[in-house]
Structures are given as structure tokens and as C-alpha cells.
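Pasting upload_18.pdb here (PDB, C-alpha atoms):
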```
ATOM      1  CA  MET F  53      27.327 -30.513  32.960
ATOM      2  CA  LYS F  54      29.406 -29.063  30.094
ATOM      3  CA  GLN F  55      26.536 -29.813  27.731
ATOM      4  CA  ILE F  56      24.057 -27.979  29.986
ATOM      5  CA  ILE F  57      26.384 -24.969  30.310
ATOM      6  CA  GLY F  58      26.820 -24.941  26.553
ATOM      7  CA  LEU F  59      23.068 -24.921  26.040
ATOM      8  CA  LEU F  60      22.640 -22.102  28.558
ATOM      9  CA  VAL F  61      25.335 -20.019  26.869
ATOM     10  CA  SER F  62      23.754 -20.601  23.482
ATOM     11  CA  ALA F  63      20.341 -19.637  24.820
ATOM     12  CA  PHE F  64      21.808 -16.490  26.388
ATOM     13  CA  LEU F  65      23.556 -15.483  23.167
ATOM     14  CA  PHE F  66      20.406 -16.147  21.137
ATOM     15  CA  ALA F  67      18.317 -14.093  23.554
ATOM     16  CA  GLY F  68      20.835 -11.266  23.321
ATOM     17  CA  LEU F  69      20.764 -11.283  19.542
ATOM     18  CA  HIS F  70      16.971 -11.488  19.541
ATOM     19  CA  ALA F  71      16.716  -8.557  21.955
ATOM     20  CA  GLN F  72      18.793  -6.434  19.596
ATOM     21  CA  GLU F  73      16.340  -6.950  16.741
ATOM     22  CA  LEU F  74      13.788  -4.228  16.130
ATOM     23  CA  SER F  75      10.436  -5.105  14.647
ATOM     24  CA  CYS F  76       9.486  -3.086  11.590
ATOM     25  CA  LYS F  77       5.845  -3.243  12.733
ATOM     26  CA  MET F  78       5.074  -0.044  14.602
ATOM     27  CA  GLU F  79       2.499  -1.713  16.847
ATOM     28  CA  GLU F  80       5.055  -4.213  18.138
ATOM     29  CA  LEU F  81       7.628  -1.650  19.288
ATOM     30  CA  THR F  82       7.986  -0.578  22.905
ATOM     31  CA  ALA F  83       8.356   3.161  23.480
ATOM     32  CA  PRO F  84      12.176   2.933  24.002
ATOM     33  CA  ASP F  85      12.494   0.682  20.944
ATOM     34  CA  PHE F  86      10.386   3.124  18.933
ATOM     35  CA  VAL F  87      13.048   5.789  19.500
ATOM     36  CA  LYS F  88      15.694   3.385  18.185
ATOM     37  CA  ALA F  89      13.487   2.417  15.250
ATOM     38  CA  VAL F  90      13.071   6.034  14.125
ATOM     39  CA  GLU F  91      16.843   6.381  13.907
ATOM     40  CA  LYS F  92      17.446   2.953  12.384
ATOM     41  CA  SER F  93      14.885   3.715   9.684
ATOM     42  CA  SER F  94      16.585   7.026   8.833
ATOM     43  CA  LYS F  95      13.384   8.689  10.084
ATOM     44  CA  THR F  96      11.390   6.922   7.372
ATOM     45  CA  ALA F  97       7.960   5.305   7.741
ATOM     46  CA  ILE F  98       5.638   3.427   5.408
ATOM     47  CA  LEU F  99       1.887   3.971   5.508
ATOM     48  CA  PRO F 100       0.219   1.039   3.696
ATOM     49  CA  ILE F 101      -3.339   1.968   2.770
ATOM     50  CA  GLY F 102      -6.237  -0.387   2.066
ATOM     51  CA  VAL F 103     -10.010  -0.457   2.459
ATOM     52  CA  PHE F 104     -12.956  -2.717   3.248
ATOM     53  CA  GLU F 105     -14.786  -3.546   0.028
ATOM     54  CA  LYS F 106     -16.135  -6.443  -2.005
ATOM     55  CA  HIS F 107     -13.631  -8.299  -4.171
ATOM     56  CA  GLY F 108     -15.840 -10.465  -6.326
ATOM     57  CA  SER F 109     -17.444 -13.477  -4.677
ATOM     58  CA  HIS F 110     -14.154 -15.199  -3.945
ATOM     59  CA  MET F 111     -11.915 -12.701  -2.135
ATOM     60  CA  PRO F 112     -11.930 -11.241   1.411
ATOM     61  CA  LEU F 113     -13.214  -7.720   2.108
ATOM     62  CA  GLY F 114      -9.781  -6.791   3.450
ATOM     63  CA  THR F 115      -7.900  -7.794   0.286
ATOM     64  CA  ASP F 116      -6.315  -4.360  -0.201
ATOM     65  CA  LEU F 117      -5.314  -4.164   3.465
ATOM     66  CA  LEU F 118      -3.711  -7.604   3.357
ATOM     67  CA  THR F 119      -1.828  -6.941   0.125
ATOM     68  CA  ALA F 120      -0.583  -3.434   0.925
ATOM     69  CA  ARG F 121       0.746  -4.368   4.360
ATOM     70  CA  GLU F 122       2.314  -7.627   3.187
ATOM     71  CA  ILE F 123       4.267  -5.842   0.463
ATOM     72  CA  ALA F 124       5.271  -3.065   2.882
ATOM     73  CA  LEU F 125       6.489  -5.558   5.486
ATOM     74  CA  ARG F 126       8.437  -7.637   2.981
ATOM     75  CA  ALA F 127      10.171  -4.514   1.713
ATOM     76  CA  ALA F 128      10.799  -3.140   5.216
ATOM     77  CA  GLU F 129      12.472  -6.376   6.276
ATOM     78  CA  LYS F 130      14.982  -5.961   3.430
ATOM     79  CA  GLU F 131      15.482  -2.218   3.959
ATOM     80  CA  TYR F 132      14.556  -1.393   7.534
ATOM     81  CA  THR F 133      11.627   0.997   7.696
ATOM     82  CA  VAL F 134       8.839   1.366  10.252
ATOM     83  CA  VAL F 135       5.475   0.169   8.925
ATOM     84  CA  PHE F 136       2.256   1.722  10.214
ATOM     85  CA  PRO F 137      -0.597  -0.637  11.272
ATOM     86  CA  TRP F 138      -3.725  -1.412   9.256
ATOM     87  CA  TYR F 139      -5.068   1.774   7.654
ATOM     88  CA  TYR F 140      -8.489   1.575   5.984
ATOM     89  CA  PHE F 141      -9.824   5.153   5.881
ATOM     90  CA  SER F 142     -10.196   5.289   2.118
ATOM     91  CA  GLN F 143     -12.309   6.609  -0.740
ATOM     92  CA  ILE F 144     -14.787   3.847  -1.600
ATOM     93  CA  ASN F 145     -18.117   5.538  -2.374
ATOM     94  CA  GLU F 146     -18.371   3.600  -5.644
ATOM     95  CA  ALA F 147     -18.945   0.353  -3.701
ATOM     96  CA  ARG F 148     -21.524   1.527  -1.169
ATOM     97  CA  HIS F 149     -24.154  -0.681  -2.842
ATOM     98  CA  GLN F 150     -22.179  -3.815  -1.936
ATOM     99  CA  PRO F 151     -22.236  -5.570   1.474
ATOM    100  CA  GLY F 152     -19.246  -5.050   3.746
ATOM    101  CA  THR F 153     -18.179  -1.700   2.301
ATOM    102  CA  ILE F 154     -16.998   0.798   4.916
ATOM    103  CA  ALA F 155     -17.231   4.193   3.210
ATOM    104  CA  TYR F 156     -16.161   7.151   5.320
ATOM    105  CA  SER F 157     -17.011  10.711   4.292
ATOM    106  CA  PRO F 158     -14.613  12.633   2.016
ATOM    107  CA  GLU F 159     -13.989  15.122   4.827
ATOM    108  CA  LEU F 160     -13.076  12.402   7.313
ATOM    109  CA  ILE F 161     -10.667  10.463   5.110
ATOM    110  CA  TRP F 162      -8.846  13.705   4.330
ATOM    111  CA  LYS F 163      -8.604  14.757   7.962
ATOM    112  CA  VAL F 164      -7.553  11.339   9.269
ATOM    113  CA  LEU F 165      -4.817  11.011   6.657
ATOM    114  CA  GLN F 166      -3.486  14.503   7.328
ATOM    115  CA  GLU F 167      -3.506  14.033  11.082
ATOM    116  CA  THR F 168      -1.820  10.635  10.737
ATOM    117  CA  LEU F 169       0.996  12.221   8.746
ATOM    118  CA  ASP F 170       1.250  15.092  11.221
ATOM    119  CA  GLU F 171       1.499  12.654  14.132
ATOM    120  CA  LEU F 172       4.116  10.519  12.408
ATOM    121  CA  SER F 173       6.122  13.670  11.802
ATOM    122  CA  ARG F 174       5.697  14.803  15.409
ATOM    123  CA  ASN F 175       7.097  11.434  16.452
ATOM    124  CA  GLY F 176      10.239  11.896  14.392
ATOM    125  CA  PHE F 177       9.510  10.572  10.899
ATOM    126  CA  LYS F 178      10.511  13.122   8.274
ATOM    127  CA  LYS F 179      10.058  10.944   5.213
ATOM    128  CA  ILE F 180       6.716   9.187   4.932
ATOM    129  CA  ILE F 181       5.982   6.750   2.109
ATOM    130  CA  ILE F 182       2.440   5.866   1.114
ATOM    131  CA  PHE F 183       1.903   2.445  -0.396
ATOM    132  CA  ASN F 184      -1.640   2.357  -1.705
ATOM    133  CA  GLY F 185      -3.326  -1.009  -2.233
ATOM    134  CA  HIS F 186      -6.691   0.435  -3.312
ATOM    135  CA  GLY F 187      -7.255   1.757  -6.835
ATOM    136  CA  GLY F 188     -10.219   3.853  -5.709
ATOM    137  CA  ASN F 189      -7.770   6.088  -3.819
ATOM    138  CA  ASN F 190      -5.706   7.147  -6.820
ATOM    139  CA  ALA F 191      -7.456  10.412  -7.681
ATOM    140  CA  PHE F 192      -7.810  11.302  -3.996
ATOM    141  CA  LEU F 193      -4.127  10.692  -3.250
ATOM    142  CA  ASN F 194      -2.973  12.679  -6.278
ATOM    143  CA  TYR F 195      -4.898  15.717  -5.094
ATOM    144  CA  PHE F 196      -3.960  15.134  -1.456
ATOM    145  CA  GLY F 197      -0.291  15.082  -2.452
ATOM    146  CA  MET F 198      -0.598  18.389  -4.265
ATOM    147  CA  ALA F 199      -2.490  19.852  -1.314
ATOM    148  CA  GLN F 200       0.530  19.233   0.904
ATOM    149  CA  LEU F 201       1.863  22.436  -0.659
ATOM    150  CA  SER F 202      -0.997  24.447   0.861
ATOM    151  CA  GLU F 203       1.030  25.082   4.010
ATOM    152  CA  LYS F 204       4.546  24.477   5.283
ATOM    153  CA  ARG F 205       5.312  20.885   6.295
ATOM    154  CA  ASP F 206       8.299  19.611   8.222
ATOM    155  CA  TYR F 207       8.227  16.228   6.483
ATOM    156  CA  ALA F 208       8.310  14.985   2.900
ATOM    157  CA  LEU F 209       5.509  12.772   1.572
ATOM    158  CA  TYR F 210       6.258  10.179  -1.104
ATOM    159  CA  TRP F 211       3.845   7.847  -2.897
ATOM    160  CA  PHE F 212       5.426   4.656  -4.196
ATOM    161  CA  GLN F 213       3.801   3.636  -7.504
ATOM    162  CA  PRO F 214       5.123   0.335  -8.870
ATOM    163  CA  THR F 215       5.109  -0.650 -12.516
ATOM    164  CA  HIS F 216       4.226  -4.088 -13.806
ATOM    165  CA  ASP F 217       7.155  -5.929 -15.366
ATOM    166  CA  PRO F 218       5.881  -7.425 -18.683
ATOM    167  CA  GLU F 219       8.153 -10.460 -18.260
ATOM    168  CA  VAL F 220       6.807 -11.175 -14.780
ATOM    169  CA  ILE F 221       3.239 -10.778 -16.024
ATOM    170  CA  LYS F 222       3.988 -13.194 -18.840
ATOM    171  CA  LYS F 223       5.380 -15.791 -16.427
ATOM    172  CA  ALA F 224       2.400 -15.365 -14.102
ATOM    173  CA  GLU F 225      -0.050 -15.765 -16.962
ATOM    174  CA  ALA F 226       1.727 -18.932 -18.063
ATOM    175  CA  LEU F 227       0.905 -20.359 -14.629
ATOM    176  CA  THR F 228      -2.681 -19.082 -14.695
ATOM    177  CA  GLN F 229      -4.333 -17.358 -17.654
ATOM    178  CA  HIS F 230      -4.513 -14.121 -19.617
ATOM    179  CA  ASP F 231      -7.246 -11.975 -18.099
ATOM    180  CA  LYS F 232      -8.687  -9.342 -20.451
ATOM    181  CA  TYR F 233     -10.418  -7.350 -17.676
ATOM    182  CA  ASP F 234      -7.813  -7.894 -14.964
ATOM    183  CA  GLN F 235      -8.318  -4.881 -12.646
ATOM    184  CA  HIS F 236     -10.172  -5.761  -9.446
ATOM    185  CA  ALA F 237     -10.234  -9.285  -7.939
ATOM    186  CA  GLY F 238      -9.063 -10.612 -11.282
ATOM    187  CA  ASN F 239      -6.248 -13.012 -12.074
ATOM    188  CA  THR F 240      -3.379 -10.838 -10.780
ATOM    189  CA  GLU F 241      -4.906  -9.690  -7.494
ATOM    190  CA  THR F 242      -6.393 -13.092  -6.719
ATOM    191  CA  SER F 243      -3.016 -14.784  -7.275
ATOM    192  CA  MET F 244      -1.248 -12.324  -4.980
ATOM    193  CA  VAL F 245      -3.720 -12.772  -2.149
ATOM    194  CA  LYS F 246      -3.660 -16.530  -2.701
ATOM    195  CA  ALA F 247       0.059 -16.323  -1.909
ATOM    196  CA  ILE F 248      -0.549 -14.224   1.229
ATOM    197  CA  VAL F 249      -3.613 -15.820   2.843
ATOM    198  CA  PRO F 250      -4.472 -18.938   0.803
ATOM    199  CA  ASP F 251      -7.282 -20.053   3.117
ATOM    200  CA  LEU F 252      -9.211 -16.808   2.561
ATOM    201  CA  VAL F 253      -9.298 -17.050  -1.247
ATOM    202  CA  HIS F 254     -11.788 -19.239  -3.108
ATOM    203  CA  PRO F 255     -11.072 -19.298  -6.873
ATOM    204  CA  ASP F 256     -13.831 -21.889  -7.320
ATOM    205  CA  ARG F 257     -16.355 -19.136  -6.474
ATOM    206  CA  ALA F 258     -14.916 -16.633  -8.973
ATOM    207  CA  GLY F 259     -17.481 -17.539 -11.618
ATOM    208  CA  GLN F 260     -20.518 -16.818  -9.471
ATOM    209  CA  GLN F 261     -20.735 -13.290 -10.885
ATOM    210  CA  SER F 262     -19.434 -11.643 -14.025
ATOM    211  CA  GLY F 263     -16.298  -9.530 -14.041
ATOM    212  CA  VAL F 264     -16.782  -8.383 -17.642
ATOM    213  CA  ASP F 265     -16.897  -4.667 -18.535
ATOM    214  CA  MET F 266     -20.551  -3.718 -19.189
ATOM    215  CA  ASP F 267     -19.486  -0.439 -20.845
ATOM    216  CA  ARG F 268     -22.760   1.336 -20.041
ATOM    217  CA  LEU F 269     -21.402   4.840 -20.742
ATOM    218  CA  LYS F 270     -20.165   4.184 -24.265
ATOM    219  CA  ASN F 271     -22.651   6.837 -25.418
ATOM    220  CA  LEU F 272     -20.478   9.488 -23.758
ATOM    221  CA  PRO F 273     -16.987   9.415 -25.286
ATOM    222  CA  ASN F 274     -14.561  12.014 -23.857
ATOM    223  CA  VAL F 275     -16.822  12.568 -20.834
ATOM    224  CA  TYR F 276     -16.103  11.731 -17.188
ATOM    225  CA  SER F 277     -18.790  10.857 -14.651
ATOM    226  CA  GLY F 278     -18.356   9.689 -11.070
ATOM    227  CA  ILE F 279     -20.625   6.731 -11.816
ATOM    228  CA  TRP F 280     -18.085   5.331 -14.311
ATOM    229  CA  TRP F 281     -16.951   2.338 -12.227
ATOM    230  CA  TYR F 282     -20.509   1.251 -11.388
ATOM    231  CA  ALA F 283     -21.412   1.686 -15.054
ATOM    232  CA  ARG F 284     -18.674  -0.722 -16.049
ATOM    233  CA  TYR F 285     -18.439  -3.182 -13.139
ATOM    234  CA  PRO F 286     -21.607  -3.149 -10.980
ATOM    235  CA  ASN F 287     -20.600  -6.455  -9.341
ATOM    236  CA  HIS F 288     -17.466  -4.742  -8.044
ATOM    237  CA  TYR F 289     -15.454  -7.377  -9.841
ATOM    238  CA  SER F 290     -13.262  -6.831 -12.874
ATOM    239  CA  GLY F 291     -11.562  -9.835 -14.428
ATOM    240  CA  ASP F 292     -11.484 -13.566 -13.809
ATOM    241  CA  GLY F 293      -9.834 -15.010 -10.698
ATOM    242  CA  SER F 294     -10.851 -18.618 -11.331
ATOM    243  CA  LYS F 295      -7.405 -19.871 -12.361
ATOM    244  CA  ALA F 296      -5.297 -17.829  -9.937
ATOM    245  CA  ASN F 297      -2.667 -19.572  -7.836
ATOM    246  CA  ALA F 298      -0.065 -18.838  -5.176
ATOM    247  CA  GLU F 299       2.962 -19.566  -7.373
ATOM    248  CA  ALA F 300       1.973 -16.817  -9.796
ATOM    249  CA  GLY F 301       1.164 -14.603  -6.840
ATOM    250  CA  GLU F 302       4.655 -14.951  -5.387
ATOM    251  CA  LEU F 303       6.190 -13.885  -8.701
ATOM    252  CA  LEU F 304       3.996 -10.790  -8.797
ATOM    253  CA  LEU F 305       4.526  -9.925  -5.131
ATOM    254  CA  ASN F 306       8.304 -10.285  -5.294
ATOM    255  CA  SER F 307       8.479  -8.083  -8.373
ATOM    256  CA  VAL F 308       6.704  -5.244  -6.532
ATOM    257  CA  VAL F 309       8.726  -5.794  -3.351
ATOM    258  CA  ASP F 310      12.008  -5.541  -5.262
ATOM    259  CA  GLN F 311      10.902  -2.235  -6.772
ATOM    260  CA  PHE F 312       9.768  -0.994  -3.385
ATOM    261  CA  VAL F 313      13.067  -1.833  -1.691
ATOM    262  CA  LYS F 314      14.931   0.191  -4.307
ATOM    263  CA  SER F 315      12.502   3.094  -3.912
ATOM    264  CA  ILE F 316      12.869   3.075  -0.120
ATOM    265  CA  ARG F 317      16.641   3.303  -0.496
ATOM    266  CA  ASP F 318      16.279   6.079  -3.063
ATOM    267  CA  ILE F 319      13.903   7.984  -0.773
ATOM    268  CA  LYS F 320      16.185   7.649   2.245
ATOM    269  CA  ALA F 321      19.036   9.082   0.166
ATOM    270  CA  ASP F 322      16.874  11.796  -1.434
ATOM    271  CA  LYS F 323      17.723  15.412  -0.659
ATOM    272  CA  ASN F 324      15.833  16.993  -3.544
ATOM    273  CA  VAL F 325      12.244  16.804  -2.290
ATOM    274  CA  PRO F 326      12.976  18.273   1.177
ATOM    275  CA  ALA F 327      15.201  21.001  -0.295
ATOM    276  CA  LEU F 328      12.719  21.934  -3.013
ATOM    277  CA  GLN F 329       9.867  22.010  -0.509
ATOM    278  CA  GLU F 330      11.841  24.339   1.746
ATOM    279  CA  GLN F 331      12.629  26.625  -1.179
ATOM    280  CA  PHE F 332       9.005  26.556  -2.333
ATOM    281  CA  PHE F 333       7.582  27.376   1.102
ATOM    282  CA  ASN F 334      10.044  30.241   1.562
ATOM    283  CA  GLU F 335       9.117  31.706  -1.810
ATOM    284  CA  SER F 336       5.414  31.195  -1.085
ATOM    285  CA  ASP F 337       5.733  33.432   1.974
ATOM    286  CA  ASN F 338       7.078  36.248  -0.222
ATOM    287  CA  PRO F 339       5.750  35.700  -3.777
ATOM    288  CA  LEU F 340       6.585  39.274  -4.850
ATOM    289  CA  LYS F 341      10.245  38.524  -4.150
ATOM    290  CA  THR F 342      10.297  35.394  -6.292
ATOM    291  CA  LYS F 343      12.645  35.918  -9.241
ATOM    292  CA  GLN F 344      10.724  36.567 -12.456
TER
END
```
Please rewrite the model in this file as C-alpha cells.
Amino acid sequence: MKQIIGLLVSAFLFAGLHAQELSCKMEELTAPDFVKAVEKSSKTAILPIGVFEKHGSHMPLGTDLLTAREIALRAAEKEYTVVFPWYYFSQINEARHQPGTIAYSPELIWKVLQETLDELSRNGFKKIIIFNGHGGNNAFLNYFGMAQLSEKRDYALYWFQPTHDPEVIKKAEALTQHDKYDQHAGNTETSMVKAIVPDLVHPDRAGQQSGVDMDRLKNLPNVYSGIWWYARYPNHYSGDGSKANAEAGELLLNSVVDQFVKSIRDIKADKNVPALQEQFFNESDNPLKTKQ
């Protein structure tokens, strides 16, 4: 009898502790728990952004979604932050010739992102962090970030941009290989996804198409054209993922997660961006009164 009572007490205590835990995944929170999560996160949310696009012949279409959310969740578990669900409304016109690409219009991706931020803010988040897993978004997100100054906002938008630690890269390459064209579905990205969803990655298929830079616009130095990516990598594959492995992927993932955790803490403590935005918006309303 004492043993049974002991087990019941233990189960009760465990259930109580478990009930006190708040998921960092927004979709898993109940409405009452969501209120608690906003406060526990210091009103901070992460929006991990990916896309549906080809990643060579050996990687899943949702590679960027899988990677961005995995890194966001790992970081949020170390520094509690609410993580938004799968977000795939991205700029990907350069891959429309490849099967599986979901390319929304420029107008739509802008509007959906803005309304998502507005809704997160309306629900209490005043610091929103974008973690972008898709390189094709970089120019779009830079301009979108600047465009936040077009009207007054009651939240601050941050874009976490990790750097690659040369020592970590060196260790990862020692476990795999040096990849001259390592940009898209190459050694680094393939290793990371191999660590996240090993059954969805097939390095043995990586050699089915070339990931070498074709450099078909070398006749136009100092000139930009929107066709640049297709001109260089028409197979939508840049690099060589044939020797990628999960051990190297874990090294690379953990390096980014560690940086992200620090950035989340820095952002939660940041007072400069909100204060400067407030000052800027006030001056923008009365530009003739701005000190010259």
C-alpha cells in the first residue's frame, strides 16, 4: 500500500510540474497559457521563415522550413521565447522552373508578413525576431525592415543574422569535405538537415546533378540582373552534399543556436531600438521641428 501511495504521489507531483511547463511552440499553447507565455517570453516572439523549393536531388522541398524552425526551437528552449508555426510565404521566383516550388506574388508575401507582425503585436508581442532560413529572402527582408519606418509601429522588429565560426566550419569539414560552391544544398546545409531529419536526406543522390557555378554572366562585370542565380545555378543546387553527415550538422547547428540564444537575451534587454523608433516617429510627424 505504501508503495502504491508513493507512486501516486510521485505521479501527482510530476503532473503538477508538467502542467507548469509552457510550450515555446505557439500552436501548442491554450489561450490561457498563451497569455502566460507572452509574459514569460518578455513579450518576445520568433518568426522562423522558410520556403518550398528544390534543394538539389537529395534534400526535401521544406529544407529551409525544417532548419529555421529547428534552430528557433532549440534557442527558445534555452531562452524562453514563443516560436511561430511554419511560415513559408517567401520570395522564390528564381526557382519557379523547378518542381515543387511555391512562389507567391511579391505583393502577397509583403502583405502576409506585415499582417503577421501586426497580429503578433496585437496579441502582446512587442519584440519580434525574424530567423530567416532562405537566402532568397535576404534582399526582400532588408527592404522590408527599412519599410517598417514608413509608419508608426508599436513593436520592434529584429532580424537575427548569424555568422559562421571558422573553427566550427573547419571541424565540420574535417568530418565531411571542403565544398567550394557551398551555398544551397551543399555540404553545410545537407549536414544540418541530416542532423534534423536524417531519413529525409539522401547524400547518395547528391551527384545526380551538378552544383557547380556555371558563371553565365561573366560578360557583365559590375552589373546586376535578376536572372543571376539561374545564370549560375540552373539546377537550383550549389555545392556538393555527397559527403555530408549528422555529426558535422550538429556542430553547425549548435554554433548557430548558441549565437541565437545570446541574441535573444540581448534583444529582450534592448531599450535602444524601441526608444530610437519612438524618437524617429515623433520627429517624422514634425520634420520642420527636427533640430538642424
Selection dump of the PyMOL selection byres ((chain F and resi 258) around 12), as a ChimeraX atom specification: /F:107-111,236-239,242,253-257,259-263,287,289-296
Given the PyMOL selection byres ((chain F and resi 176) around 9), the residues it picks as a PyMOL selection string: chain F and resi 87+90-91+95-96+171-175+177-178
Exercise: Leu227 (chain F) partners within 12 Å, only C-alpha atoms, chain neighbours under 3 positions left out, as a list of chain:residue names: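 Residues near the query, excluding close chain neighbours: F:Val220, F:Ile221, F:Lys222, F:Lys223, F:Ala224, F:His230, F:Asn239, F:Thr240, F:Ser243, F:Lys295, F:Ala296, F:Asn297, F:Ala298, F:Glu299, F:Ala300, F:Gly301, F:Glu302, F:Leu303, F:Leu304.
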Nearest to Arg148 (chain F), chosen from F:Tyr282, F:Ile316, F:Asp265, F:Ile180, with only C-alpha atoms counted in the distances: F:Tyr282
Pick from F:Val103, F:Leu169, F:Leu160, F:Leu201, whichever lies nearest to Ile144 (chain F) using all atoms listed in the file: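 Of the candidates, the smallest distance to Ile144 (chain F) is held by F:Val103.
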Result set of the PyMOL selection byres ((chain F and resi 326) around 10) on the coordinates above, as a list in words: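 Output of the PyMOL selection byres ((chain F and resi 326) around 10): Lys178, Lys179, Arg205, Asp206, Tyr207, Ala208, Leu209, Asp322, Lys323, Asn324, Val325, Ala327, Leu328, Gln329, Glu330, Gln331 and Phe332 of chain F.
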Straight-line distance linking CA of Ile123 (chain F) with CA of Ile154 (chain F), stated in Å to one decimal: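 CA of Ile123 (chain F) sits 22.7 Å away from CA of Ile154 (chain F).
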Å distance separating CA of Asp267 (chain F) from CA of Tyr285 (chain F), one decimal place: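 Computing the Euclidean distance for CA of Asp267 (chain F) and CA of Tyr285 (chain F) yields 8.2 Å.
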Point-to-point distance from CA of Thr228 (chain F) to CA of Leu113 (chain F), Å rounded to tenths: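 Computing it gives 22.9 Å between the two atoms.
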Would you give the centre and edge lengths, in Å to one decimal, of a box along x, y and z around the listed atoms of region 110-119 of chain F, with 5 Å added to each side, as lines of an AutoDock Vina configuration file?
```
center_x = -8.0
center_y = -9.7
center_z = -0.2
size_x = 22.3
size_y = 21.0
size_z = 17.4
```
Minimum-distance residue to Glu131 (chain F), chosen among F:Ser157, F:Ser202, F:Ser94, F:Thr168 (using only C-alpha atoms):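 Result for the nearest residue to Glu131 (chain F): F:Ser94.
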Residue nearest Asp337 (chain F) among F:Phe86, F:Glu203, F:Glu241, F:Asn194 (counting all atoms listed in the file):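 Under the stated criterion, the closest residue is F:Glu203.
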Nearest to Glu73 (chain F) by atom-to-atom distance, counting all atoms listed in the file, from F:Ala226, F:Tyr132, F:Ser315, F:Ala124: F:Tyr132
Polymer residues at most 9 Å from region 268-270 of chain F, all atoms listed in the file, same-chain spacing of 6 or more positions, as a VMD selection string: chain F and resid 277 280 282 to 284
Top pick for closest residue to Ser75 (chain F), considering F:Glu105, F:Val245, F:Val135, F:Gly114 and counting only C-alpha atoms: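 Of all the options, F:Val135 lies closest to Ser75 (chain F).
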Shell around Gly102 (chain F) at 9 Å using only C-alpha atoms, local window under 5 positions removed, as a PDB file with C-alpha atoms, in the frame of the given file:
```
ATOM      1  CA  GLY F 114      -9.781  -6.791   3.450  1.00  0.00           C
ATOM      2  CA  THR F 115      -7.900  -7.794   0.286  1.00  0.00           C
ATOM      3  CA  ASP F 116      -6.315  -4.360  -0.201  1.00  0.00           C
ATOM      4  CA  LEU F 117      -5.314  -4.164   3.465  1.00  0.00           C
ATOM      5  CA  LEU F 118      -3.711  -7.604   3.357  1.00  0.00           C
ATOM      6  CA  THR F 119      -1.828  -6.941   0.125  1.00  0.00           C
ATOM      7  CA  ALA F 120      -0.583  -3.434   0.925  1.00  0.00           C
ATOM      8  CA  ARG F 121       0.746  -4.368   4.360  1.00  0.00           C
ATOM      9  CA  TRP F 138      -3.725  -1.412   9.256  1.00  0.00           C
ATOM     10  CA  TYR F 139      -5.068   1.774   7.654  1.00  0.00           C
ATOM     11  CA  TYR F 140      -8.489   1.575   5.984  1.00  0.00           C
ATOM     12  CA  PHE F 141      -9.824   5.153   5.881  1.00  0.00           C
ATOM     13  CA  SER F 142     -10.196   5.289   2.118  1.00  0.00           C
ATOM     14  CA  PHE F 183       1.903   2.445  -0.396  1.00  0.00           C
ATOM     15  CA  ASN F 184      -1.640   2.357  -1.705  1.00  0.00           C
ATOM     16  CA  GLY F 185      -3.326  -1.009  -2.233  1.00  0.00           C
ATOM     17  CA  HIS F 186      -6.691   0.435  -3.312  1.00  0.00           C
ATOM     18  CA  ASN F 189      -7.770   6.088  -3.819  1.00  0.00           C
TER      19      ASN F 189
END
```
